[in-house]
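Below: one structure, written as structure tokens.
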Amino acid sequence: MDNFARWILVAVLVVHGLIHFLGVAKGFGWASVPQLKEPISAGMAVVWLSGGVLVLAAAALIAATAPSWWWGVALMAALVSQVAIITSWGDAKVGTVVNVILLVVATFGFLSAGPFSFAARWNAQADAALEQQSHAALPILTESDLESLPHPLADYIRASGAVGKPRTTNFSADFHGRIRSAPDTAWMPFTGKQLNTYGENPQRLFLMHARRSGLPVQVLHLFHDATATMQVKLLAAFPIVDAKGPEMDRAETVTVFNDLVALAPGAIIDAPIQWTPVDAHWVHGLYTLGHYTVSATLVFDDRHDLVDFISPDRSRASDDGISFTPQEWSTPLLRHRDVDGRRVLTLGEARWRSPDSEPHFTYLELHLDAIAFDVATSTSCSETSSAFLVGGH
């Protein structure tokens, strides 16, 4: 839910919760409450009190947008509150409207953050991916490690601040932006989080929360064992895309390559990539993972920032994720920033260009909000990222 709707709901719930204390006051004989004409026993006053406390607790959790189990408190609040209302139906039946709204919100919370949600699957896969990684001390990336690389690429890694730090084994990121499926469709705002791990079995786990025509849409990309899937749900309940197969695997391999060079330059030296220099600003790379070898051209500016990644090997998926069309894919990297000794991407785009030389079509605009390297658990992804804020959009 967006911020405006969330705060309206919080305000309604606070009023609803406080009204419950009228029943508490009458049931315990603390005050005369002429608004409640039906008798309330001391025992039912406890129910009124429990309902009020639970409703206020649900309001507080919704206001804080945490933790993930807030929907359980909201569900209990709606049920207990409704029991109290039923016992004084003639006086309090209007409160049923609020409880129905709260029940709907709790149900959506269960679907979007509960044990069977995309969020739960992302957390489970993230923990499994991180458990596969070695916990030995990480070797330091040195100048000598860069000697075999083309000069533009070595300059980029050096400028990123990765030299002198442990080689990157993973990163987690938080982001926001907007996305669309075609030039003539509306932009959809989104927020999301991502975990990429490196080593023998690179993984990319991507969870997005977007809005289409005001309705919430969730997207889950999972890439592991060189296999990719993409699933999309409307209202966290109705599947609308379930993409998988060889074309999806190849396309996502290109995305893993892109994330590696754009967001984790400290992991480039250990990746299975064959580099070929083109000129002082261009480098060509062949990245091999599983059954696929994909190519890309990296473009650097005079400051040694990576400013574009161009690949012919990432086919464009149809809206339903069933068919794929070969198109040139590029990710212009528009803005970088120095943060805590590292130079990191803060703003980028993703574009398609069809083979018939039509103009580029920008379908994604992405702002990186936070990034953290070498996290230990899925829980620490968010906590650590929050401490390494990129900001500055």
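We name chains A, B, ... following the order of the structure tokens; residues begin at 1 in each chain, and ligands are numbered from 1 as shown.
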Problem set entry | Near-Pro355 of chain A list (9 Å; only C-alpha atoms; drop same-chain fewer than 4 positions) as a PyMOL selection string | chain A and resi 326-328
Quick one: everything within 12 Å of segment 313-325 of chain A, counting only C-alpha atoms, minus sequence neighbours fewer than 3 positions away in the same chain. Send it as an mmCIF file with N, CA, C and O atoms, in the first residue's frame.
data_model
loop_
_atom_site.group_PDB
_atom_site.id
_atom_site.type_symbol
_atom_site.label_atom_id
_atom_site.label_comp_id
_atom_site.auth_asym_id
_atom_site.auth_seq_id
_atom_site.Cartn_x
_atom_site.Cartn_y
_atom_site.Cartn_z
ATOM 1 N N ARG A 180 8.213 -0.172 -17.309
ATOM 2 C CA ARG A 180 7.076 -0.303 -18.219
ATOM 3 C C ARG A 180 7.393 -1.419 -19.210
ATOM 4 O O ARG A 180 8.550 -1.806 -19.408
ATOM 5 N N SER A 181 6.358 -1.934 -19.853
ATOM 6 C CA SER A 181 6.539 -3.070 -20.752
ATOM 7 C C SER A 181 6.680 -2.666 -22.204
ATOM 8 O O SER A 181 7.173 -3.447 -23.021
ATOM 9 N N ALA A 182 6.258 -1.453 -22.558
ATOM 10 C CA ALA A 182 6.325 -0.998 -23.949
ATOM 11 C C ALA A 182 6.321 0.531 -23.967
ATOM 12 O O ALA A 182 5.930 1.171 -22.984
ATOM 13 N N THR A 185 2.957 2.130 -22.955
ATOM 14 C CA THR A 185 2.293 1.746 -21.709
ATOM 15 C C THR A 185 2.746 2.641 -20.575
ATOM 16 O O THR A 185 3.802 3.288 -20.636
ATOM 17 N N THR A 229 14.086 -18.315 -13.219
ATOM 18 C CA THR A 229 12.626 -18.259 -13.268
ATOM 19 C C THR A 229 12.188 -16.833 -12.986
ATOM 20 O O THR A 229 12.884 -16.091 -12.279
ATOM 21 N N MET A 230 11.063 -16.443 -13.522
ATOM 22 C CA MET A 230 10.452 -15.152 -13.204
ATOM 23 C C MET A 230 8.960 -15.377 -13.008
ATOM 24 O O MET A 230 8.270 -15.882 -13.903
ATOM 25 N N GLN A 231 8.462 -15.002 -11.830
ATOM 26 C CA GLN A 231 7.039 -15.125 -11.540
ATOM 27 C C GLN A 231 6.489 -13.759 -11.129
ATOM 28 O O GLN A 231 7.172 -12.990 -10.440
ATOM 29 N N VAL A 232 5.264 -13.506 -11.550
ATOM 30 C CA VAL A 232 4.601 -12.236 -11.246
ATOM 31 C C VAL A 232 3.209 -12.536 -10.710
ATOM 32 O O VAL A 232 2.493 -13.373 -11.273
ATOM 33 N N LYS A 233 2.835 -11.848 -9.625
ATOM 34 C CA LYS A 233 1.497 -11.996 -9.059
ATOM 35 C C LYS A 233 0.839 -10.632 -8.908
ATOM 36 O O LYS A 233 1.477 -9.659 -8.511
ATOM 37 N N PRO A 239 -1.451 -15.315 -10.117
ATOM 38 C CA PRO A 239 -0.295 -15.410 -11.019
ATOM 39 C C PRO A 239 -0.635 -14.860 -12.400
ATOM 40 O O PRO A 239 -1.676 -15.200 -12.980
ATOM 41 N N ILE A 240 0.245 -14.008 -12.921
ATOM 42 C CA ILE A 240 0.024 -13.481 -14.270
ATOM 43 C C ILE A 240 1.222 -13.752 -15.182
ATOM 44 O O ILE A 240 1.095 -13.634 -16.396
ATOM 45 N N VAL A 241 2.378 -14.117 -14.622
ATOM 46 C CA VAL A 241 3.547 -14.491 -15.418
ATOM 47 C C VAL A 241 4.265 -15.629 -14.703
ATOM 48 O O VAL A 241 4.440 -15.595 -13.482
ATOM 49 N N ASP A 242 4.685 -16.639 -15.480
ATOM 50 C CA ASP A 242 5.514 -17.719 -14.959
ATOM 51 C C ASP A 242 6.498 -18.090 -16.062
ATOM 52 O O ASP A 242 6.240 -18.987 -16.868
ATOM 53 N N ALA A 243 7.625 -17.377 -16.109
ATOM 54 C CA ALA A 243 8.579 -17.522 -17.202
ATOM 55 C C ALA A 243 9.744 -18.404 -16.782
ATOM 56 O O ALA A 243 10.279 -18.259 -15.676
ATOM 57 N N LYS A 244 10.132 -19.325 -17.666
ATOM 58 C CA LYS A 244 11.285 -20.193 -17.430
ATOM 59 C C LYS A 244 11.667 -20.838 -18.744
ATOM 60 O O LYS A 244 10.967 -20.710 -19.756
ATOM 61 N N GLY A 245 12.800 -21.533 -18.750
ATOM 62 C CA GLY A 245 13.248 -22.198 -19.959
ATOM 63 C C GLY A 245 14.602 -21.700 -20.409
ATOM 64 O O GLY A 245 15.166 -20.759 -19.830
ATOM 65 N N PRO A 246 15.170 -22.314 -21.464
ATOM 66 C CA PRO A 246 16.519 -21.967 -21.916
ATOM 67 C C PRO A 246 16.704 -20.496 -22.268
ATOM 68 O O PRO A 246 17.743 -19.902 -21.952
ATOM 69 N N GLU A 247 15.732 -19.875 -22.935
ATOM 70 C CA GLU A 247 15.864 -18.457 -23.294
ATOM 71 C C GLU A 247 15.913 -17.584 -22.044
ATOM 72 O O GLU A 247 16.652 -16.603 -21.984
ATOM 73 N N MET A 248 15.105 -17.954 -21.053
ATOM 74 C CA MET A 248 15.125 -17.227 -19.790
ATOM 75 C C MET A 248 16.469 -17.407 -19.093
ATOM 76 O O MET A 248 17.029 -16.455 -18.539
ATOM 77 N N ASP A 249 17.000 -18.630 -19.112
ATOM 78 C CA ASP A 249 18.295 -18.893 -18.474
ATOM 79 C C ASP A 249 19.398 -18.046 -19.116
ATOM 80 O O ASP A 249 20.220 -17.448 -18.413
ATOM 81 N N ARG A 250 19.400 -18.003 -20.436
ATOM 82 C CA ARG A 250 20.432 -17.232 -21.146
ATOM 83 C C ARG A 250 20.287 -15.739 -20.870
ATOM 84 O O ARG A 250 21.276 -15.038 -20.623
ATOM 85 N N ALA A 251 19.047 -15.248 -20.909
ATOM 86 C CA ALA A 251 18.814 -13.819 -20.656
ATOM 87 C C ALA A 251 19.272 -13.422 -19.261
ATOM 88 O O ALA A 251 19.904 -12.374 -19.066
ATOM 89 N N GLU A 252 18.965 -14.275 -18.285
ATOM 90 C CA GLU A 252 19.332 -13.934 -16.917
ATOM 91 C C GLU A 252 20.833 -14.062 -16.696
ATOM 92 O O GLU A 252 21.398 -13.376 -15.838
ATOM 93 N N THR A 253 21.511 -14.904 -17.460
ATOM 94 C CA THR A 253 22.964 -14.973 -17.383
ATOM 95 C C THR A 253 23.579 -13.634 -17.780
ATOM 96 O O THR A 253 24.560 -13.178 -17.168
ATOM 97 N N VAL A 254 22.999 -12.978 -18.779
ATOM 98 C CA VAL A 254 23.463 -11.645 -19.160
ATOM 99 C C VAL A 254 23.242 -10.661 -18.008
ATOM 100 O O VAL A 254 24.101 -9.822 -17.706
ATOM 101 N N THR A 255 22.096 -10.758 -17.341
ATOM 102 C CA THR A 255 21.799 -9.871 -16.224
ATOM 103 C C THR A 255 22.785 -10.083 -15.080
ATOM 104 O O THR A 255 23.223 -9.121 -14.434
ATOM 105 N N VAL A 256 23.135 -11.347 -14.812
ATOM 106 C CA VAL A 256 24.128 -11.639 -13.774
ATOM 107 C C VAL A 256 25.466 -11.003 -14.135
ATOM 108 O O VAL A 256 26.157 -10.426 -13.274
ATOM 109 N N PHE A 257 25.863 -11.091 -15.406
ATOM 110 C CA PHE A 257 27.087 -10.462 -15.899
ATOM 111 C C PHE A 257 27.018 -8.954 -15.684
ATOM 112 O O PHE A 257 27.967 -8.318 -15.185
ATOM 113 N N ASN A 258 25.884 -8.369 -16.028
ATOM 114 C CA ASN A 258 25.698 -6.928 -15.864
ATOM 115 C C ASN A 258 25.816 -6.504 -14.406
ATOM 116 O O ASN A 258 26.520 -5.529 -14.074
ATOM 117 N N LEU A 286 33.501 -11.978 -22.577
ATOM 118 C CA LEU A 286 32.729 -13.213 -22.760
ATOM 119 C C LEU A 286 32.613 -13.886 -21.400
ATOM 120 O O LEU A 286 33.628 -14.266 -20.795
ATOM 121 N N TYR A 287 31.388 -14.017 -20.909
ATOM 122 C CA TYR A 287 31.120 -14.556 -19.579
ATOM 123 C C TYR A 287 30.514 -15.950 -19.729
ATOM 124 O O TYR A 287 29.493 -16.122 -20.395
ATOM 125 N N TYR A 292 26.059 -21.665 -20.849
ATOM 126 C CA TYR A 292 25.939 -20.454 -21.655
ATOM 127 C C TYR A 292 27.204 -19.602 -21.584
ATOM 128 O O TYR A 292 27.810 -19.445 -20.520
ATOM 129 N N THR A 293 27.562 -19.067 -22.742
ATOM 130 C CA THR A 293 28.583 -18.026 -22.832
ATOM 131 C C THR A 293 27.929 -16.814 -23.474
ATOM 132 O O THR A 293 27.392 -16.906 -24.595
ATOM 133 N N VAL A 294 27.920 -15.700 -22.763
ATOM 134 C CA VAL A 294 27.263 -14.486 -23.244
ATOM 135 C C VAL A 294 28.294 -13.377 -23.367
ATOM 136 O O VAL A 294 29.326 -13.384 -22.681
ATOM 137 N N SER A 295 28.006 -12.440 -24.227
ATOM 138 C CA SER A 295 28.968 -11.378 -24.511
ATOM 139 C C SER A 295 28.398 -10.013 -24.162
ATOM 140 O O SER A 295 27.171 -9.817 -24.124
ATOM 141 N N ALA A 296 29.311 -9.082 -23.926
ATOM 142 C CA ALA A 296 28.914 -7.701 -23.669
ATOM 143 C C ALA A 296 30.093 -6.788 -23.936
ATOM 144 O O ALA A 296 31.259 -7.192 -23.813
ATOM 145 N N THR A 297 29.782 -5.560 -24.299
ATOM 146 C CA THR A 297 30.787 -4.513 -24.445
ATOM 147 C C THR A 297 30.597 -3.511 -23.320
ATOM 148 O O THR A 297 29.477 -3.034 -23.090
ATOM 149 N N PHE A 309 26.721 -0.786 -20.657
ATOM 150 C CA PHE A 309 26.909 -2.227 -20.810
ATOM 151 C C PHE A 309 25.981 -2.632 -21.941
ATOM 152 O O PHE A 309 24.770 -2.457 -21.838
ATOM 153 N N ILE A 310 26.540 -3.159 -23.051
ATOM 154 C CA ILE A 310 25.752 -3.443 -24.251
ATOM 155 C C ILE A 310 25.922 -4.913 -24.596
ATOM 156 O O ILE A 310 27.047 -5.407 -24.722
ATOM 157 N N GLU A 328 18.999 -6.097 -28.934
ATOM 158 C CA GLU A 328 20.151 -5.546 -28.227
ATOM 159 C C GLU A 328 19.693 -4.932 -26.905
ATOM 160 O O GLU A 328 18.694 -4.221 -26.848
ATOM 161 N N TRP A 329 20.417 -5.237 -25.844
ATOM 162 C CA TRP A 329 20.079 -4.766 -24.492
ATOM 163 C C TRP A 329 21.232 -3.923 -23.977
ATOM 164 O O TRP A 329 22.410 -4.300 -24.127
ATOM 165 N N SER A 330 20.923 -2.803 -23.369
ATOM 166 C CA SER A 330 21.966 -1.952 -22.796
ATOM 167 C C SER A 330 21.486 -1.350 -21.493
ATOM 168 O O SER A 330 20.283 -1.211 -21.253
ATOM 169 N N THR A 331 22.439 -1.011 -20.644
ATOM 170 C CA THR A 331 22.117 -0.413 -19.344
ATOM 171 C C THR A 331 22.987 0.823 -19.127
ATOM 172 O O THR A 331 24.037 0.749 -18.477
ATOM 173 N N ALA A 350 17.689 0.753 -18.227
ATOM 174 C CA ALA A 350 17.803 -0.431 -19.074
ATOM 175 C C ALA A 350 17.006 -0.165 -20.347
ATOM 176 O O ALA A 350 15.898 0.384 -20.290
ATOM 177 N N ARG A 351 17.592 -0.551 -21.494
ATOM 178 C CA ARG A 351 16.990 -0.231 -22.777
ATOM 179 C C ARG A 351 16.990 -1.452 -23.700
ATOM 180 O O ARG A 351 17.866 -2.305 -23.625
ATOM 181 N N TRP A 352 15.998 -1.481 -24.583
ATOM 182 C CA TRP A 352 15.948 -2.444 -25.670
ATOM 183 C C TRP A 352 16.122 -1.700 -26.991
ATOM 184 O O TRP A 352 15.696 -0.553 -27.131
ATOM 185 N N ARG A 353 16.736 -2.407 -27.954
ATOM 186 C CA ARG A 353 16.792 -1.869 -29.321
ATOM 187 C C ARG A 353 16.537 -3.013 -30.281
ATOM 188 O O ARG A 353 17.262 -4.021 -30.277
ATOM 189 N N SER A 354 15.504 -2.887 -31.089
ATOM 190 C CA SER A 354 15.108 -3.976 -31.980
ATOM 191 C C SER A 354 16.080 -4.082 -33.153
ATOM 192 O O SER A 354 16.766 -3.114 -33.500
ATOM 193 N N PRO A 355 16.142 -5.252 -33.791
ATOM 194 C CA PRO A 355 17.083 -5.457 -34.898
ATOM 195 C C PRO A 355 16.849 -4.549 -36.100
ATOM 196 O O PRO A 355 17.756 -4.358 -36.909
ATOM 197 N N PHE A 361 14.474 1.950 -26.663
ATOM 198 C CA PHE A 361 13.285 2.036 -25.820
ATOM 199 C C PHE A 361 13.719 1.815 -24.373
ATOM 200 O O PHE A 361 14.159 0.724 -24.012
ATOM 201 N N TYR A 363 12.970 1.018 -20.768
ATOM 202 C CA TYR A 363 11.861 0.381 -20.059
ATOM 203 C C TYR A 363 12.068 0.353 -18.548
ATOM 204 O O TYR A 363 11.152 -0.009 -17.807
#
Exercise. Skipping near chain neighbours, those fewer than 5 positions away, what residues fall within 12 Å of Leu215 of chain A using only C-alpha atoms, listed as a list of chain:residue names?
Worked result: A:Met1, A:Asp2, A:Phe108, A:Met188, A:Pro189, A:Phe190, A:His209, A:Ala210, A:Lys233, A:Leu234, A:Leu235, A:Ala236, A:Ala237, A:Phe238
Go ahead and save the residues from that selection, with N, CA and C atoms, as a JSON list (two decimals), in the first residue's frame.
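Output contents, as saved in again-v8.json:
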[["chain", "number", "residue", "atom", "x", "y", "z"],
["A", 1, "MET", "N", 0.85, -1.18, 0.00],
["A", 1, "MET", "CA", 0.00, 0.00, 0.00],
["A", 1, "MET", "C", 0.88, 1.23, 0.00],
["A", 2, "ASP", "N", 0.45, 2.32, -0.72],
["A", 2, "ASP", "CA", 1.28, 3.51, -0.77],
["A", 2, "ASP", "C", 1.18, 4.28, 0.55],
["A", 108, "PHE", "N", -4.16, -9.54, 2.78],
["A", 108, "PHE", "CA", -3.14, -9.13, 1.80],
["A", 108, "PHE", "C", -1.74, -9.23, 2.42],
["A", 188, "MET", "N", 5.25, 2.04, -14.19],
["A", 188, "MET", "CA", 4.84, 1.48, -12.91],
["A", 188, "MET", "C", 5.94, 1.77, -11.88],
["A", 189, "PRO", "N", 5.63, 2.48, -10.80],
["A", 189, "PRO", "CA", 6.64, 2.69, -9.77],
["A", 189, "PRO", "C", 6.92, 1.39, -9.03],
["A", 190, "PHE", "N", 8.14, 1.23, -8.54],
["A", 190, "PHE", "CA", 8.47, 0.00, -7.82],
["A", 190, "PHE", "C", 9.54, 0.26, -6.77],
["A", 209, "HIS", "N", 8.38, -4.97, -5.73],
["A", 209, "HIS", "CA", 7.00, -4.59, -5.43],
["A", 209, "HIS", "C", 6.65, -3.39, -6.31],
["A", 210, "ALA", "N", 5.71, -3.57, -7.22],
["A", 210, "ALA", "CA", 5.33, -2.52, -8.16],
["A", 210, "ALA", "C", 3.84, -2.24, -8.06],
["A", 233, "LYS", "N", 2.83, -11.85, -9.63],
["A", 233, "LYS", "CA", 1.50, -12.00, -9.06],
["A", 233, "LYS", "C", 0.84, -10.63, -8.91],
["A", 234, "LEU", "N", -0.44, -10.59, -9.21],
["A", 234, "LEU", "CA", -1.27, -9.42, -8.97],
["A", 234, "LEU", "C", -1.96, -9.58, -7.63],
["A", 235, "LEU", "N", -1.94, -8.53, -6.81],
["A", 235, "LEU", "CA", -2.54, -8.57, -5.47],
["A", 235, "LEU", "C", -1.97, -9.69, -4.61],
["A", 236, "ALA", "N", -0.75, -10.08, -4.91],
["A", 236, "ALA", "CA", -0.02, -11.12, -4.17],
["A", 236, "ALA", "C", -0.74, -12.47, -4.20],
["A", 237, "ALA", "N", -1.75, -12.61, -5.05],
["A", 237, "ALA", "CA", -2.55, -13.84, -5.05],
["A", 237, "ALA", "C", -2.74, -14.44, -6.44],
["A", 238, "PHE", "N", -2.77, -13.61, -7.48],
["A", 238, "PHE", "CA", -3.16, -14.09, -8.81],
["A", 238, "PHE", "C", -1.95, -14.12, -9.74]]
For this session: as a PyMOL selection string, list the residues of segment 23-125 of chain A assigned to helix (DSSP H, G or I) by DSSP on the backbone atoms of this structure.
Result: chain A and resi 23-27+42-64+70-87+89-92+95-113+118-125
File of the preceding selection, C-alpha atoms, as a short mmCIF file (atom, residue, chain, number, x, y, z; two decimals), in the first residue's frame:
data_model
loop_
_atom_site.label_atom_id
_atom_site.label_comp_id
_atom_site.auth_asym_id
_atom_site.auth_seq_id
_atom_site.Cartn_x
_atom_site.Cartn_y
_atom_site.Cartn_z
CA GLY A 23 -16.45 -0.19 26.31
CA VAL A 24 -13.63 -0.80 28.80
CA ALA A 25 -14.65 2.22 30.88
CA LYS A 26 -18.31 1.17 30.94
CA GLY A 27 -17.62 -2.51 31.66
CA ALA A 42 -16.50 -6.86 33.46
CA GLY A 43 -15.60 -10.01 31.52
CA MET A 44 -16.59 -8.42 28.22
CA ALA A 45 -14.67 -5.30 29.22
CA VAL A 46 -11.54 -7.45 29.04
CA VAL A 47 -12.49 -8.38 25.47
CA TRP A 48 -13.01 -4.70 24.63
CA LEU A 49 -9.64 -3.91 26.18
CA SER A 50 -7.90 -6.72 24.27
CA GLY A 51 -9.47 -5.59 21.02
CA GLY A 52 -8.43 -1.99 21.56
CA VAL A 53 -4.85 -2.89 22.42
CA LEU A 54 -4.58 -5.21 19.42
CA VAL A 55 -6.03 -2.63 17.02
CA LEU A 56 -3.60 0.02 18.28
CA ALA A 57 -0.72 -2.48 18.01
CA ALA A 58 -1.73 -3.27 14.43
CA ALA A 59 -1.84 0.46 13.65
CA ALA A 60 1.67 0.89 15.08
CA LEU A 61 3.07 -2.03 13.07
CA ILE A 62 1.46 -0.79 9.85
CA ALA A 63 2.84 2.69 10.52
CA ALA A 64 6.32 1.24 11.01
CA TRP A 70 2.36 -7.64 11.28
CA TRP A 71 -0.51 -9.28 9.40
CA GLY A 72 -0.93 -11.80 12.26
CA VAL A 73 -1.51 -9.00 14.77
CA ALA A 74 -3.90 -7.29 12.33
CA LEU A 75 -5.88 -10.50 11.85
CA MET A 76 -6.16 -11.11 15.59
CA ALA A 77 -7.15 -7.47 16.14
CA ALA A 78 -9.99 -7.71 13.60
CA LEU A 79 -11.35 -10.92 15.13
CA VAL A 80 -11.20 -9.85 18.80
CA SER A 81 -12.59 -6.42 18.00
CA GLN A 82 -15.49 -7.97 16.13
CA VAL A 83 -16.33 -10.26 19.06
CA ALA A 84 -16.61 -7.17 21.25
CA ILE A 85 -18.77 -5.40 18.69
CA ILE A 86 -21.14 -8.36 18.32
CA THR A 87 -21.86 -8.29 22.06
CA TRP A 89 -24.24 -4.80 18.19
CA GLY A 90 -26.88 -2.11 18.50
CA ASP A 91 -24.30 0.43 19.75
CA ALA A 92 -21.13 -0.58 17.93
CA GLY A 95 -17.12 -0.62 13.76
CA THR A 96 -17.63 -3.75 11.67
CA VAL A 97 -16.73 -1.72 8.58
CA VAL A 98 -13.28 -0.97 10.01
CA ASN A 99 -12.78 -4.60 11.00
CA VAL A 100 -13.66 -5.79 7.50
CA ILE A 101 -11.08 -3.36 6.09
CA LEU A 102 -8.55 -4.58 8.64
CA LEU A 103 -9.32 -8.19 7.74
CA VAL A 104 -8.76 -7.45 4.03
CA VAL A 105 -5.47 -5.70 4.83
CA ALA A 106 -4.37 -8.60 7.05
CA THR A 107 -5.20 -11.10 4.30
CA PHE A 108 -3.14 -9.13 1.80
CA GLY A 109 -0.34 -8.96 4.36
CA PHE A 110 -0.43 -12.74 4.74
CA LEU A 111 -0.31 -13.22 0.97
CA SER A 112 2.49 -10.69 0.43
CA ALA A 113 4.65 -11.36 3.52
CA PHE A 118 7.36 -14.35 -2.60
CA ALA A 119 9.07 -12.56 0.30
CA ALA A 120 9.34 -15.78 2.29
CA ARG A 121 10.71 -17.63 -0.74
CA TRP A 122 13.26 -14.85 -1.31
CA ASN A 123 14.41 -15.04 2.32
CA ALA A 124 14.70 -18.83 2.24
CA GLN A 125 16.63 -18.82 -1.03
#
For this session: Give the strand (DSSP E or B) residues of segment 192-254 of chain A, as DSSP finds them on the backbone, and put them as a ChimeraX atom specification.
Result: /A:192-197,203-212,215-224,227-234,238-244
Kindly save the residues from that selection, with N, CA and C atoms included, as a compact mmCIF listing (two decimals), in the first residue's frame.
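File written: again_19.txt
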# COMPACT_ATOMS: atom_id res chain seq x y z
N GLY A 192 12.34 -2.48 -4.43
CA GLY A 192 12.77 -3.86 -4.44
C GLY A 192 14.06 -4.09 -3.69
N LYS A 193 14.43 -5.35 -3.62
CA LYS A 193 15.69 -5.73 -3.00
C LYS A 193 16.29 -6.88 -3.79
N GLN A 194 17.61 -7.04 -3.64
CA GLN A 194 18.31 -8.00 -4.46
C GLN A 194 19.51 -8.54 -3.69
N LEU A 195 19.80 -9.82 -3.91
CA LEU A 195 21.01 -10.44 -3.38
C LEU A 195 21.69 -11.19 -4.51
N ASN A 196 22.98 -10.91 -4.72
CA ASN A 196 23.79 -11.65 -5.68
C ASN A 196 24.95 -12.29 -4.94
N THR A 197 25.19 -13.57 -5.20
CA THR A 197 26.35 -14.24 -4.62
C THR A 197 27.26 -14.72 -5.75
N GLN A 203 24.45 -16.81 -7.74
CA GLN A 203 23.00 -16.71 -7.64
C GLN A 203 22.58 -15.24 -7.69
N ARG A 204 21.39 -15.03 -8.23
CA ARG A 204 20.80 -13.68 -8.29
C ARG A 204 19.35 -13.80 -7.84
N LEU A 205 19.02 -13.13 -6.76
CA LEU A 205 17.67 -13.20 -6.17
C LEU A 205 17.11 -11.79 -6.12
N PHE A 206 16.00 -11.59 -6.79
CA PHE A 206 15.48 -10.25 -7.06
C PHE A 206 13.99 -10.23 -6.71
N LEU A 207 13.60 -9.34 -5.82
CA LEU A 207 12.20 -9.22 -5.41
C LEU A 207 11.75 -7.78 -5.62
N MET A 208 10.67 -7.61 -6.38
CA MET A 208 10.17 -6.28 -6.70
C MET A 208 8.71 -6.14 -6.28
N HIS A 209 8.38 -4.97 -5.73
CA HIS A 209 7.00 -4.59 -5.43
C HIS A 209 6.65 -3.39 -6.31
N ALA A 210 5.71 -3.57 -7.22
CA ALA A 210 5.33 -2.52 -8.16
C ALA A 210 3.84 -2.24 -8.06
N ARG A 211 3.38 -1.24 -8.84
CA ARG A 211 1.96 -0.92 -8.89
C ARG A 211 1.55 -0.77 -10.34
N ARG A 212 0.47 -1.47 -10.69
CA ARG A 212 -0.09 -1.37 -12.04
C ARG A 212 -1.53 -0.93 -11.92
N LEU A 215 -2.90 -1.11 -8.52
CA LEU A 215 -2.96 -2.41 -7.85
C LEU A 215 -1.54 -2.95 -7.62
N PRO A 216 -1.30 -3.57 -6.47
CA PRO A 216 0.05 -4.07 -6.19
C PRO A 216 0.40 -5.28 -7.04
N VAL A 217 1.64 -5.27 -7.54
CA VAL A 217 2.18 -6.36 -8.34
C VAL A 217 3.52 -6.77 -7.71
N GLN A 218 3.73 -8.07 -7.55
CA GLN A 218 4.99 -8.58 -7.02
C GLN A 218 5.70 -9.40 -8.09
N VAL A 219 7.02 -9.21 -8.17
CA VAL A 219 7.84 -9.91 -9.15
C VAL A 219 8.97 -10.62 -8.41
N LEU A 220 9.16 -11.90 -8.71
CA LEU A 220 10.24 -12.67 -8.10
C LEU A 220 11.09 -13.31 -9.19
N HIS A 221 12.35 -12.85 -9.28
CA HIS A 221 13.34 -13.45 -10.17
C HIS A 221 14.26 -14.31 -9.31
N LEU A 222 14.45 -15.56 -9.68
CA LEU A 222 15.41 -16.42 -9.00
C LEU A 222 16.35 -17.02 -10.04
N PHE A 223 17.66 -16.91 -9.79
CA PHE A 223 18.66 -17.50 -10.66
C PHE A 223 19.65 -18.28 -9.80
N HIS A 224 19.67 -19.58 -9.97
CA HIS A 224 20.64 -20.42 -9.26
C HIS A 224 20.83 -21.70 -10.06
N THR A 227 20.08 -21.60 -13.72
CA THR A 227 18.68 -21.70 -14.17
C THR A 227 17.89 -20.53 -13.62
N ALA A 228 17.04 -19.96 -14.45
CA ALA A 228 16.30 -18.76 -14.06
C ALA A 228 14.79 -18.98 -14.12
N THR A 229 14.09 -18.32 -13.22
CA THR A 229 12.63 -18.26 -13.27
C THR A 229 12.19 -16.83 -12.99
N MET A 230 11.06 -16.44 -13.52
CA MET A 230 10.45 -15.15 -13.20
C MET A 230 8.96 -15.38 -13.01
N GLN A 231 8.46 -15.00 -11.83
CA GLN A 231 7.04 -15.13 -11.54
C GLN A 231 6.49 -13.76 -11.13
N VAL A 232 5.26 -13.51 -11.55
CA VAL A 232 4.60 -12.24 -11.25
C VAL A 232 3.21 -12.54 -10.71
N LYS A 233 2.83 -11.85 -9.63
CA LYS A 233 1.50 -12.00 -9.06
C LYS A 233 0.84 -10.63 -8.91
N LEU A 234 -0.44 -10.59 -9.21
CA LEU A 234 -1.27 -9.42 -8.97
C LEU A 234 -1.96 -9.58 -7.63
N PHE A 238 -2.77 -13.61 -7.48
CA PHE A 238 -3.16 -14.09 -8.81
C PHE A 238 -1.95 -14.12 -9.74
N PRO A 239 -1.45 -15.32 -10.12
CA PRO A 239 -0.30 -15.41 -11.02
C PRO A 239 -0.63 -14.86 -12.40
N ILE A 240 0.24 -14.01 -12.92
CA ILE A 240 0.02 -13.48 -14.27
C ILE A 240 1.22 -13.75 -15.18
N VAL A 241 2.38 -14.12 -14.62
CA VAL A 241 3.55 -14.49 -15.42
C VAL A 241 4.26 -15.63 -14.70
N ASP A 242 4.69 -16.64 -15.48
CA ASP A 242 5.51 -17.72 -14.96
C ASP A 242 6.50 -18.09 -16.06
N ALA A 243 7.63 -17.38 -16.11
CA ALA A 243 8.58 -17.52 -17.20
C ALA A 243 9.74 -18.40 -16.78
N LYS A 244 10.13 -19.33 -17.67
CA LYS A 244 11.28 -20.19 -17.43
C LYS A 244 11.67 -20.84 -18.74
Problem set entry | Between atom CA of Thr346 of chain A and atom CA of His367 of chain A, distance in Å (one decimal) | 5.6 Å
For this session: Show which residues sit within 12 Å of Ile268 of chain A, as number ranges by chain. Count only C-alpha atoms, and ignore same-chain residues fewer than 4 positions away.
Result: A: 141, 145-146, 149, 153-154, 156-158, 160, 162-163, 167-170, 198-199, 256-264, 272-275, 285, 287
